[in-house]
Amino acid sequence: MVFSAAVSSSTISSRLLYSSAPLAVQSRHATEKKISLSPPTSQCRAFSLLPSVSRMGFVSQRAQKESSNLRIFASVTDISVEKSVEEVHLPKGDMWSVHKFGGTCVGSSERIKNVAEVIVSDATERKLVIVSAMSKVTDMMYDLIHKAESRDDSYVSALDAVFEKHKSTAHDVLDGDELAGFLSLLHHDINNLKAMLRAIYIAGHATESFSDFVAGHGELWSAQILAAVVRKNGVDCTWMDTREVIIVNLTGSNQVDPDFLESERRLEKWFSQKPSKTIIATGFIASTPDNIPTTLKRDGSDFSAAIMGSLVKAGQVTIWTDVDGVYSADPRKVSEAVILKKLSYQEAWEMSYFGANVLHPRTIIPVMRYDIPIVIRNIFNLSAPGTMICRSSVSEDGDCQKVDSPVKGFATIDNLALINVEGTGMAGVPGTANAIFGAVKDVGANVIMISQASSEHSVCFAVPEKEVKAVAEALQSRFREALNAGRLSQVAVVPNCSILATVGQKMASTPGVSATLFNALAKANINVRAIAQGCSEYNITVVVKREDCIRALRAVHSRFYLSRTTIAMGIIGPGLIGATLLDQLRDQTAILKEEFNIDLRVMGITGSKTMLLSDVEIDLLRWRELLKDKGEVADLEKFTRHVHGNHFIPNTVLVDCTADSDIAICYHDWLQKGIHVITPNKKANSGPLDQYLKLRALQRKSYTHYFYEATVGAGLPIISTLRGLLETGDKILRIEGIFSGTLSYLFNNYAGTRRFSEVVSEAKAAGYTEPDPRDDLSGTDVARKVIILARESGLKLELADLPVRSLVPEPLQACASAGEFMEKLPQFDQEFAKERQEAEDAGEVLRYVGVVDAINRKGTVELRRYKKDHPFAQLSGSDNIIAFTTTRYKEQPLIVRGPGAGAQVTAGGIFSDILRLASYLGAPS
């Protein structure tokens with residue numbers, strides 16, 4: 001318990017210090033012990049009469065003994081303070097550097113020593129250091145108040161934990177008189193806090209100013225400890241209780257407004273009494289004009305540093321934290337986020353407002369007045385230069401714009417809801433917006449963003465989700481009459497929203513930024529619910545679904561070349577083609593990352609029985625081993641959810657390397673969900689016509705891509721050539737070609753005395769045929785390719801419409817196995833030999849071809865004869881050849897020729913489609 005005693009002003013000759021625990025002062029005639037639940041006012045302010053005081057405010061050991069049994073408090077009005085120090089003028093300007101160290105910077109004994117070394121090594125003539133409470137201490141102090149208000153006895157043990165934390169730290173970093181002095185004041189403060197908390201416990205309530213006073217002790221203790229450690233390093237310094245200097249006016253919005261004139265006057269007075277070239281000052285805490293202790297609210301130490309920097313007109317304010325600087329996006333959400341070397345005040349302001357871990361949102365204003373740069377640096381990585389926040393120069397806006405992205409960074413705010421007030425009765429009615437936001441103000445809600453259509457038909461705004469119910473009810477009540485009368489149609493709430501803000505000062509002078517932003521969102525299948533942009537163009541704000549927020553953030557970050565274009569991939573069918581594709585990806589991914597800024601991550605591989613899933617990406621050096629050892633039962637729905645469910649990767653592609661019609665049926669659903677599809681599987685595009693038309697219609701109206709170049713001609717550019725002709729206005733007359741690498745090989749080698757069955761066996765052994773050669777010889781594969789090309793040309797044909805010449809003898813179509821078929825095939829060699837001989841006698845060769853006759857709107861698959869000088873007769877191996885006869889290429893058809901079979905070229909065609917997708921999604925071409 002602290003006693004108050006009446007003291008005559010004539011008896012006071014000792015120097016007076018403010019106590020860090022200003023209990024209510026008793027009148028000079030009071031003799032009874034009292035505890036008040038109100039902090040001191042200017043007329044009733046507590047002082048400690050300490051006979052001998054060190055410069056820092058620590059009591060000397062002799063003084064401790066003399067005053068150990070008595071603490072005397074007196075009213076300011078009763079005391080005539082003798083000036084013990086001659087007034088010294090406060091110098092201002094670049095000779096001052098201001099440093100602010102956050103709680104993590106001084107979170108332990110070792111870290112406090114590191115901070116002291118940074119201060120000592122600063123060669124600036126004068127240093128003003130703002131320090132926060134040790135890590136977690138402010139939370140502990142507020143918890144004490146909460147426990148006491150809740151009449152929870154554990155506040156006593158919790159306060160003991162606070163005491164032990166600081167006592168232990170002091171023992172680690174201090175010794176001698178410095179240690180003794182600090183521990184004496186620490187004991188004194190703790191005893192006073194126990195008395196205060198006991199009073200709160202009894203009353204069950206504490207005022208806001210009283211809570212602020214209690215919470216501010218952490219800064220007092222850390223400042224005193226740090227000042228002592230700096231002195232221990234040989235630098236003369238003193239500490240400052242900023243409640244004596246920073247004066248603020250409380251506002252009704254849980255904020256404070258600094259009174260710079262009064263604060264400057266008080267700083268001059270403080271400095272005249274305690275001049276020093278190194279000052280360790282408390283962050284976070286301040287006083288009202290009536291000298292009531294208060295705070296700058298949560299995370300207010302940055303604000304303290306900016307205020308003090310402006311008061312001394314410092315050359316620079318350095319904010320020391322635990323990150324290397326300001327990132328282009330939250331690195332927890334975008335792993336490729338980069339450190340920004342420089343930000344303008346306006347950019348930092350915008351990013352702070354939208355929740356980026358940059359600065360306290362109001363930190364910018366005081367330093368802007370005097371063009372004081374702020375540097376964000378990492379106390380744990382002194383080699384990192386950090387991020388400088390300053391006024392943009394003319395040369396920077398002009399020269400750097402050519403190489404820099406116009407967008408500096410992105411920030412997000414989660415847990416929001418949209419409220420939309422709409423109705424025809426709003427248009428042209430003065431005061432509607434005022435009534436809307438007046439109702440919002442009445443419930444104390446914070447409006448984050450506003451968007452209004454120029455028609456005045458609706459007003460849309462975002463508020464924190466925890467406040468949306470109260471806002472909606474207030475609006476329903478305020479506009480009940482208008483709603484009933486039909487002048488307003490609704491007050492609608494859209495929950496589960498997030499805001500994505502795109503920030504950059506150069507956006508204002510760069511055309512196409514908005515187009516690029518919305519294009520990136522569209523291609524990531526992100527629906528934008530509301531948009532807002534100020535006329536300054538420093539910021540474009542969009543509202544999206546909460547579950548889309550991270551994907552949206554990564555999509556736009558990638559699109560503006562701040563990171564790689566990242567694509568999550570799922571490979572379906574790790575057979576011959578799928579396995580070859582995976583090996584090609586393995587060999588090429590590192591080069592794609594470094595040289596082309598494309599990051600392809602295989603998140604899943606599935607066969608018909610087993611699948612392998614990964615939350616990061618599958619090691620493609622070991623995918624076969626991992627699939628065997630760690631694979632689980634295949635489940636296509638689970639596989640799809642897993643690959644697409646990674647919100648940290650904005651783009652998803654499923655690569656179907658099978659020939660399975662059941663998987664092809666899923667394409668439409670995947671595209672609707674925003675999943676890109678790449679495939680050599682012909683079943684979807686040659687299946688039922690209505691399903692094909694539905695698939696293509698979806699592809700055309702969405703930003704989700706469906707690429708299938710490898711369905712015709714493996715790695716040859718058949719589909720893209722056809723599209724290029726049509727898109728440039730050419731008209732297809734006829735497409736004729738050898739579309740099967742297998743059948744090309746068979747008839748290129750079926751010559752002389754060789755038997756047909758012998759050539760088929762050779763092709764099967766070489767891997768040119770399907771496991772059952774009948775799949776190739778039936779002509780169905782060629783028919784599907786003809787159907788695909790016919791449909792691409794605008795013909796609405798079904799597979800059943802095509803006459804197909806099958807090379808499987810009718811008696812062998814019912815063979816139970818491929819083995820049985822191969823065993824019986826020689827029985828029909830004579831029939832094939834007869835056809836070949838007839839062609840040879842006419843100077844011709846046999847070729848198995850597919851034809852699209854666009855003029856007569858039909859297609860065929862047949863075995864044809866060609867003169868030996870025809871391009872189709874010049875093939876070798878398993879090459880394909882396709883001739884496009886068009887209005888432009890009528891006399892001399894456009895020929896595309898090359899390997900049309902084999903796992904390597906087919907996988908290469910798929911890979912080419914994957915890279916085309918990456919280019920469409922923003923990768924540099």
# chains A, B, ... in the order shown; residues from 1 in each chain; ligands from 1
>>> residues_around(residues="Gly570 of chain A", least_positions_apart="3", cutoff="9 Å", atoms="only C-alpha atoms", output="number ranges by chain")
A: 601-606, 639-640, 643-644, 652-656
>>> select_by_dssp(residues="segment 520-737 of chain A", states="strand (DSSP E)", output="NGL selection string")
:A and (530-533 or 539-545 or 565-572 or 598-606 or 610-613 or 632-633 or 651-656 or 676-678 or 706-707 or 732-737)
>>> write_last_selection(atoms="C-alpha atoms", output="PDB file, in the first residue's frame")
ATOM      1  CA  ALA A 530     -17.614  -5.183 -56.164  1.00  0.00           C
ATOM      2  CA  ILE A 531     -15.020  -2.698 -57.419  1.00  0.00           C
ATOM      3  CA  ALA A 532     -13.769   0.647 -56.134  1.00  0.00           C
ATOM      4  CA  GLN A 533     -11.084   2.978 -57.471  1.00  0.00           C
ATOM      5  CA  ASN A 539      -5.454   1.818 -55.542  1.00  0.00           C
ATOM      6  CA  ILE A 540      -7.881  -0.546 -57.228  1.00  0.00           C
ATOM      7  CA  THR A 541      -9.975  -2.484 -54.731  1.00  0.00           C
ATOM      8  CA  VAL A 542     -12.063  -5.543 -55.515  1.00  0.00           C
ATOM      9  CA  VAL A 543     -14.270  -7.724 -53.340  1.00  0.00           C
ATOM     10  CA  VAL A 544     -14.144 -11.498 -53.886  1.00  0.00           C
ATOM     11  CA  LYS A 545     -15.367 -14.605 -52.102  1.00  0.00           C
ATOM     12  CA  THR A 565       3.302 -18.067 -63.204  1.00  0.00           C
ATOM     13  CA  THR A 566       2.517 -21.030 -60.977  1.00  0.00           C
ATOM     14  CA  ILE A 567       0.270 -23.879 -62.095  1.00  0.00           C
ATOM     15  CA  ALA A 568      -0.913 -26.830 -59.995  1.00  0.00           C
ATOM     16  CA  MET A 569      -1.016 -29.932 -62.175  1.00  0.00           C
ATOM     17  CA  GLY A 570      -2.748 -33.270 -61.881  1.00  0.00           C
ATOM     18  CA  ILE A 571      -1.599 -36.038 -64.226  1.00  0.00           C
ATOM     19  CA  ILE A 572      -4.232 -38.664 -65.014  1.00  0.00           C
ATOM     20  CA  ILE A 598       6.981 -20.683 -65.183  1.00  0.00           C
ATOM     21  CA  ASP A 599       6.525 -22.866 -62.109  1.00  0.00           C
ATOM     22  CA  LEU A 600       4.809 -26.179 -62.923  1.00  0.00           C
ATOM     23  CA  ARG A 601       3.976 -28.187 -59.805  1.00  0.00           C
ATOM     24  CA  VAL A 602       2.623 -31.718 -60.117  1.00  0.00           C
ATOM     25  CA  MET A 603       0.363 -32.058 -57.067  1.00  0.00           C
ATOM     26  CA  GLY A 604      -1.157 -35.432 -57.965  1.00  0.00           C
ATOM     27  CA  ILE A 605      -0.747 -38.482 -60.195  1.00  0.00           C
ATOM     28  CA  THR A 606      -3.509 -41.036 -60.593  1.00  0.00           C
ATOM     29  CA  THR A 610      -3.620 -46.048 -57.403  1.00  0.00           C
ATOM     30  CA  MET A 611      -3.057 -42.337 -56.910  1.00  0.00           C
ATOM     31  CA  LEU A 612      -0.355 -40.211 -55.308  1.00  0.00           C
ATOM     32  CA  LEU A 613      -1.209 -36.832 -53.723  1.00  0.00           C
ATOM     33  CA  GLU A 632      -3.569 -44.726 -52.082  1.00  0.00           C
ATOM     34  CA  VAL A 633      -6.694 -46.109 -53.668  1.00  0.00           C
ATOM     35  CA  ASN A 651      -4.201 -21.900 -61.569  1.00  0.00           C
ATOM     36  CA  THR A 652      -5.047 -25.599 -61.880  1.00  0.00           C
ATOM     37  CA  VAL A 653      -4.744 -27.896 -64.895  1.00  0.00           C
ATOM     38  CA  LEU A 654      -5.704 -31.556 -65.163  1.00  0.00           C
ATOM     39  CA  VAL A 655      -3.824 -33.448 -67.877  1.00  0.00           C
ATOM     40  CA  ASP A 656      -5.726 -36.527 -69.054  1.00  0.00           C
ATOM     41  CA  HIS A 676      -8.021 -25.998 -67.178  1.00  0.00           C
ATOM     42  CA  VAL A 677      -7.933 -29.243 -69.169  1.00  0.00           C
ATOM     43  CA  ILE A 678      -5.203 -30.555 -71.504  1.00  0.00           C
ATOM     44  CA  TYR A 706      -9.258 -26.545 -72.941  1.00  0.00           C
ATOM     45  CA  PHE A 707      -6.319 -27.594 -75.139  1.00  0.00           C
ATOM     46  CA  ILE A 732     -11.686 -25.197 -95.565  1.00  0.00           C
ATOM     47  CA  LEU A 733     -12.506 -27.206 -98.693  1.00  0.00           C
ATOM     48  CA  ARG A 734     -10.900 -30.537 -97.879  1.00  0.00           C
ATOM     49  CA  ILE A 735      -8.663 -32.085 -95.232  1.00  0.00           C
ATOM     50  CA  GLU A 736      -6.992 -35.328 -96.202  1.00  0.00           C
ATOM     51  CA  GLY A 737      -4.309 -37.130 -94.289  1.00  0.00           C
TER      52      GLY A 737
END
>>> select_by_dssp(residues="segment 335-483 of chain A", states="alpha helix (DSSP H)", output="VMD selection string")
chain A and resid 345 to 353 364 to 368 394 to 399 432 to 442 468 to 478 480 to 483
>>> residues_around(residues="segment 808-813 of chain A", least_positions_apart="5", cutoff="9 Å", atoms="only C-alpha atoms", output="list in words")
Arg774, Leu777, Ser778, Gly779, Glu820, Phe821, Lys824, Leu825 and Phe828 of chain A
>>> residues_around(residues="segment 236-247 of chain A", least_positions_apart="5", cutoff="7 Å", atoms="only C-alpha atoms", output="tab-separated table (two decimals) with all heavy atoms, in the first residue's frame")
chain	number	residue	atom	x	y	z
A	55	ARG	N	20.53	9.73	-13.25
A	55	ARG	CA	20.02	10.43	-14.43
A	55	ARG	C	18.86	9.68	-15.06
A	55	ARG	O	17.93	10.25	-15.58
A	55	ARG	CB	21.16	10.58	-15.43
A	55	ARG	CG	20.76	11.43	-16.62
A	55	ARG	CD	21.98	11.81	-17.40
A	55	ARG	NE	21.61	12.79	-18.38
A	55	ARG	CZ	22.46	13.34	-19.22
A	55	ARG	NH1	23.72	13.00	-19.16
A	55	ARG	NH2	22.05	14.23	-20.10
A	56	MET	N	18.94	8.37	-15.00
A	56	MET	CA	17.89	7.56	-15.63
A	56	MET	C	16.63	7.52	-14.78
A	56	MET	O	15.56	7.18	-15.24
A	56	MET	CB	18.42	6.14	-15.86
A	56	MET	CG	17.45	5.17	-16.49
A	56	MET	SD	18.26	3.61	-16.70
A	56	MET	CE	16.87	2.68	-17.35
A	220	LEU	N	7.57	1.38	-20.11
A	220	LEU	CA	8.42	2.04	-19.11
A	220	LEU	C	9.59	1.14	-18.72
A	220	LEU	O	10.74	1.58	-18.66
A	220	LEU	CB	7.59	2.38	-17.87
A	220	LEU	CG	6.47	3.41	-18.05
A	220	LEU	CD1	5.58	3.45	-16.82
A	220	LEU	CD2	7.05	4.79	-18.31
A	223	ALA	N	12.14	0.51	-21.70
A	223	ALA	CA	12.94	1.70	-21.97
A	223	ALA	C	14.03	1.88	-20.92
A	223	ALA	O	15.19	2.21	-21.23
A	223	ALA	CB	12.05	2.94	-22.03
A	224	GLN	N	13.67	1.66	-19.65
A	224	GLN	CA	14.66	1.81	-18.59
A	224	GLN	C	15.77	0.76	-18.69
A	224	GLN	O	16.95	1.07	-18.52
A	224	GLN	CB	13.96	1.71	-17.24
A	224	GLN	CG	13.01	2.88	-16.96
A	224	GLN	CD	12.23	2.70	-15.66
A	224	GLN	OE1	12.83	2.49	-14.61
A	224	GLN	NE2	10.91	2.77	-15.75
A	227	ALA	N	18.03	1.62	-21.79
A	227	ALA	CA	18.88	2.77	-21.52
A	227	ALA	C	20.08	2.38	-20.65
A	227	ALA	O	21.21	2.80	-20.89
A	227	ALA	CB	18.07	3.89	-20.85
A	231	ARG	N	24.06	2.54	-21.70
A	231	ARG	CA	25.07	3.17	-20.85
A	231	ARG	C	26.19	2.20	-20.51
A	231	ARG	O	27.36	2.57	-20.45
A	231	ARG	CB	24.43	3.70	-19.57
A	231	ARG	CG	23.67	4.99	-19.75
A	231	ARG	CD	23.45	5.72	-18.42
A	231	ARG	NE	22.70	4.89	-17.49
A	231	ARG	CZ	21.37	4.82	-17.46
A	231	ARG	NH1	20.67	5.51	-18.33
A	231	ARG	NH2	20.76	4.05	-16.58
A	258	PRO	N	-2.65	13.63	-32.39
A	258	PRO	CA	-1.55	14.31	-31.69
A	258	PRO	C	-1.72	15.83	-31.71
A	258	PRO	O	-2.15	16.40	-32.72
A	258	PRO	CB	-0.30	13.89	-32.49
A	258	PRO	CG	-0.71	12.69	-33.28
A	258	PRO	CD	-2.17	12.86	-33.56
A	259	ASP	N	-1.40	16.45	-30.61
A	259	ASP	CA	-1.34	17.91	-30.53
A	259	ASP	C	0.13	18.28	-30.70
A	259	ASP	O	0.91	18.28	-29.75
A	259	ASP	CB	-1.86	18.38	-29.17
A	259	ASP	CG	-1.91	19.90	-29.06
A	259	ASP	OD1	-1.15	20.57	-29.79
A	259	ASP	OD2	-2.69	20.42	-28.24
A	262	GLU	N	1.58	21.51	-28.71
A	262	GLU	CA	1.79	21.29	-27.28
A	262	GLU	C	2.89	20.26	-27.05
A	262	GLU	O	3.70	20.40	-26.12
A	262	GLU	CB	0.47	20.84	-26.64
A	262	GLU	CG	0.56	20.53	-25.14
A	262	GLU	CD	0.98	21.72	-24.29
A	262	GLU	OE1	0.89	22.87	-24.78
A	262	GLU	OE2	1.40	21.51	-23.15
A	263	SER	N	2.92	19.23	-27.89
A	263	SER	CA	3.95	18.19	-27.74
A	263	SER	C	5.34	18.79	-27.97
A	263	SER	O	6.30	18.47	-27.25
A	263	SER	CB	3.71	17.04	-28.72
A	263	SER	OG	2.48	16.41	-28.46
A	266	ARG	N	6.32	20.78	-24.92
A	266	ARG	CA	6.71	19.92	-23.79
A	266	ARG	C	8.04	19.23	-24.05
A	266	ARG	O	8.81	18.99	-23.11
A	266	ARG	CB	5.62	18.89	-23.53
A	266	ARG	CG	4.32	19.53	-23.05
A	266	ARG	CD	3.48	18.57	-22.27
A	266	ARG	NE	2.22	19.17	-21.86
A	266	ARG	CZ	1.41	18.65	-20.95
A	266	ARG	NH1	1.73	17.51	-20.35
A	266	ARG	NH2	0.28	19.25	-20.63
A	267	LEU	N	8.32	18.89	-25.32
A	267	LEU	CA	9.61	18.27	-25.62
A	267	LEU	C	10.74	19.27	-25.36
A	267	LEU	O	11.79	18.91	-24.82
A	267	LEU	CB	9.65	17.81	-27.08
A	267	LEU	CG	10.98	17.20	-27.55
A	267	LEU	CD1	11.36	15.98	-26.72
A	267	LEU	CD2	10.91	16.84	-29.03
A	276	SER	N	20.45	15.32	-23.75
A	276	SER	CA	21.24	14.12	-24.02
A	276	SER	C	21.31	13.90	-25.52
A	276	SER	O	20.38	14.25	-26.25
A	276	SER	CB	20.62	12.89	-23.33
A	276	SER	OG	21.37	11.73	-23.63
A	277	LYS	N	22.39	13.31	-25.97
A	277	LYS	CA	22.52	13.00	-27.40
A	277	LYS	C	21.91	11.66	-27.75
A	277	LYS	O	21.71	11.35	-28.92
A	277	LYS	CB	23.99	13.03	-27.80
A	277	LYS	CG	24.59	14.42	-27.83
A	277	LYS	CD	25.98	14.41	-28.44
A	277	LYS	CE	26.52	15.82	-28.58
A	277	LYS	NZ	27.86	15.83	-29.22
A	278	THR	N	21.63	10.86	-26.74
A	278	THR	CA	20.95	9.58	-26.96
A	278	THR	C	19.80	9.47	-25.97
A	278	THR	O	20.02	9.50	-24.76
A	278	THR	CB	21.90	8.39	-26.79
A	278	THR	OG1	23.00	8.52	-27.69
A	278	THR	CG2	21.18	7.07	-27.06
A	279	ILE	N	18.60	9.37	-26.50
A	279	ILE	CA	17.39	9.30	-25.65
A	279	ILE	C	16.66	8.00	-25.97
A	279	ILE	O	16.39	7.71	-27.13
A	279	ILE	CB	16.46	10.51	-25.91
A	279	ILE	CG1	17.20	11.83	-25.63
A	279	ILE	CG2	15.19	10.40	-25.09
A	279	ILE	CD1	16.43	13.06	-26.08
A	280	ILE	N	16.35	7.25	-24.95
A	280	ILE	CA	15.53	6.03	-25.09
A	280	ILE	C	14.13	6.38	-24.61
A	280	ILE	O	13.93	6.65	-23.42
A	280	ILE	CB	16.09	4.85	-24.26
A	280	ILE	CG1	17.60	4.69	-24.48
A	280	ILE	CG2	15.33	3.58	-24.60
A	280	ILE	CD1	17.99	4.33	-25.88
A	281	ALA	N	13.17	6.39	-25.51
A	281	ALA	CA	11.82	6.86	-25.18
A	281	ALA	C	10.82	5.71	-25.28
A	281	ALA	O	10.99	4.77	-26.06
A	281	ALA	CB	11.41	7.99	-26.12
A	282	THR	N	9.78	5.82	-24.50
A	282	THR	CA	8.72	4.80	-24.53
A	282	THR	C	7.82	4.99	-25.75
A	282	THR	O	7.45	6.11	-26.10
A	282	THR	CB	7.85	4.91	-23.26
A	282	THR	OG1	7.33	6.25	-23.17
A	282	THR	CG2	8.65	4.59	-22.02
A	285	ILE	N	2.67	4.95	-25.44
A	285	ILE	CA	1.96	5.70	-24.39
A	285	ILE	C	2.08	7.20	-24.61
A	285	ILE	O	3.02	7.69	-25.20
A	285	ILE	CB	2.45	5.31	-22.97
A	285	ILE	CG1	3.96	5.52	-22.83
A	285	ILE	CG2	2.08	3.87	-22.67
A	285	ILE	CD1	4.49	5.21	-21.44
A	286	ALA	N	1.08	7.93	-24.12
A	286	ALA	CA	1.03	9.38	-24.25
A	286	ALA	C	0.12	9.91	-23.15
A	286	ALA	O	-0.28	9.16	-22.24
A	286	ALA	CB	0.49	9.76	-25.63
A	287	SER	N	-0.21	11.19	-23.21
A	287	SER	CA	-1.12	11.81	-22.24
A	287	SER	C	-2.12	12.70	-22.96
A	287	SER	O	-1.87	13.16	-24.08
A	287	SER	CB	-0.33	12.65	-21.22
A	287	SER	OG	0.46	11.84	-20.40
A	288	THR	N	-3.22	12.94	-22.29
A	288	THR	CA	-4.21	13.88	-22.80
A	288	THR	C	-3.79	15.29	-22.38
A	288	THR	O	-2.89	15.46	-21.55
A	288	THR	CB	-5.60	13.58	-22.24
A	288	THR	OG1	-5.60	13.89	-20.83
A	288	THR	CG2	-5.96	12.12	-22.44
A	289	PRO	N	-4.42	16.34	-22.90
A	289	PRO	CA	-4.09	17.71	-22.46
A	289	PRO	C	-4.27	17.90	-20.96
A	289	PRO	O	-3.67	18.80	-20.36
A	289	PRO	CB	-5.06	18.58	-23.26
A	289	PRO	CG	-5.34	17.79	-24.50
A	289	PRO	CD	-5.35	16.36	-24.05
A	293	PRO	N	-3.05	9.71	-18.38
A	293	PRO	CA	-2.32	8.73	-19.19
A	293	PRO	C	-3.24	8.06	-20.21
A	293	PRO	O	-4.38	7.71	-19.91
A	293	PRO	CB	-1.81	7.71	-18.16
A	293	PRO	CG	-1.81	8.43	-16.86
A	293	PRO	CD	-2.96	9.39	-16.93
>>> atom_distance(atom1="atom CA of Ala763 of chain A", atom2="atom CA of Val782 of chain A")
17.2 Å
>>> atom_distance(atom1="atom CA of Thr321 of chain A", atom2="atom CA of Asn378 of chain A")
5.1 Å
>>> closest_residue(among="A:Ser392, A:Asn496, A:Thr510, A:Ser458", to="Ile413 of chain A", atoms="only C-alpha atoms")
A:Asn496
>>> residues_around(residues="segment 459-471 of chain A", least_positions_apart="3", cutoff="8 Å", atoms="only C-alpha atoms", output="list in words")
Asn415, Leu416, Ala417, Leu418, Ile419, Asn420, Val421, Glu422, Ala433, Ala439, Val440, Val443, Ala445, Asn446, Val447, Ile448, Met449, Ile450, Ser451, Gln452, Ala453, Glu456, Ala474, Leu475, Val493, Pro495, Asn496 and Ala530 of chain A
>>> write_last_selection(atoms="C-alpha atoms", output="short mmCIF file (atom, residue, chain, number, x, y, z; two decimals), in the first residue's frame")
data_model
loop_
_atom_site.label_atom_id
_atom_site.label_comp_id
_atom_site.auth_asym_id
_atom_site.auth_seq_id
_atom_site.Cartn_x
_atom_site.Cartn_y
_atom_site.Cartn_z
CA ASN A 415 -13.80 -11.58 -42.78
CA LEU A 416 -15.88 -8.93 -44.45
CA ALA A 417 -19.46 -8.75 -45.65
CA LEU A 418 -20.98 -6.68 -48.42
CA ILE A 419 -24.18 -4.74 -47.86
CA ASN A 420 -26.11 -3.67 -50.94
CA VAL A 421 -28.87 -1.08 -50.65
CA GLU A 422 -30.76 -0.80 -53.92
CA ALA A 433 -26.24 8.18 -49.00
CA ALA A 439 -27.32 4.60 -39.84
CA VAL A 440 -23.98 2.78 -40.12
CA VAL A 443 -24.12 1.45 -34.70
CA ALA A 445 -19.49 0.14 -37.64
CA ASN A 446 -16.44 0.75 -39.80
CA VAL A 447 -16.98 1.05 -43.56
CA ILE A 448 -13.98 -0.44 -45.37
CA MET A 449 -14.98 0.25 -48.97
CA ILE A 450 -17.81 1.95 -50.88
CA SER A 451 -18.98 1.34 -54.44
CA GLN A 452 -21.89 3.11 -56.13
CA ALA A 453 -23.25 2.76 -59.65
CA GLU A 456 -27.63 5.81 -58.24
CA ALA A 474 -30.15 -0.52 -38.51
CA LEU A 475 -30.70 -0.06 -42.25
CA VAL A 493 -26.09 -8.91 -47.17
CA PRO A 495 -21.32 -12.71 -46.31
CA ASN A 496 -17.92 -14.42 -46.50
CA ALA A 530 -17.61 -5.18 -56.16
#
>>> residues_around(residues="Thr704 of chain A", least_positions_apart="6", cutoff="12 Å", atoms="only C-alpha atoms", output="VMD selection string")
chain A and resid 519 to 526 651 to 654 667 to 678 695 to 698 917 920 to 921
>>> residues_around(residues="Ala790 of chain A", least_positions_apart="5", cutoff="8 Å", atoms="only C-alpha atoms", output="JSON, numbers by chain")
{"A": [795, 796, 797, 852, 854, 859]}
>>> atom_distance(atom1="atom CA of Val334 of chain A", atom2="atom CA of Ser509 of chain A")
26.7 Å
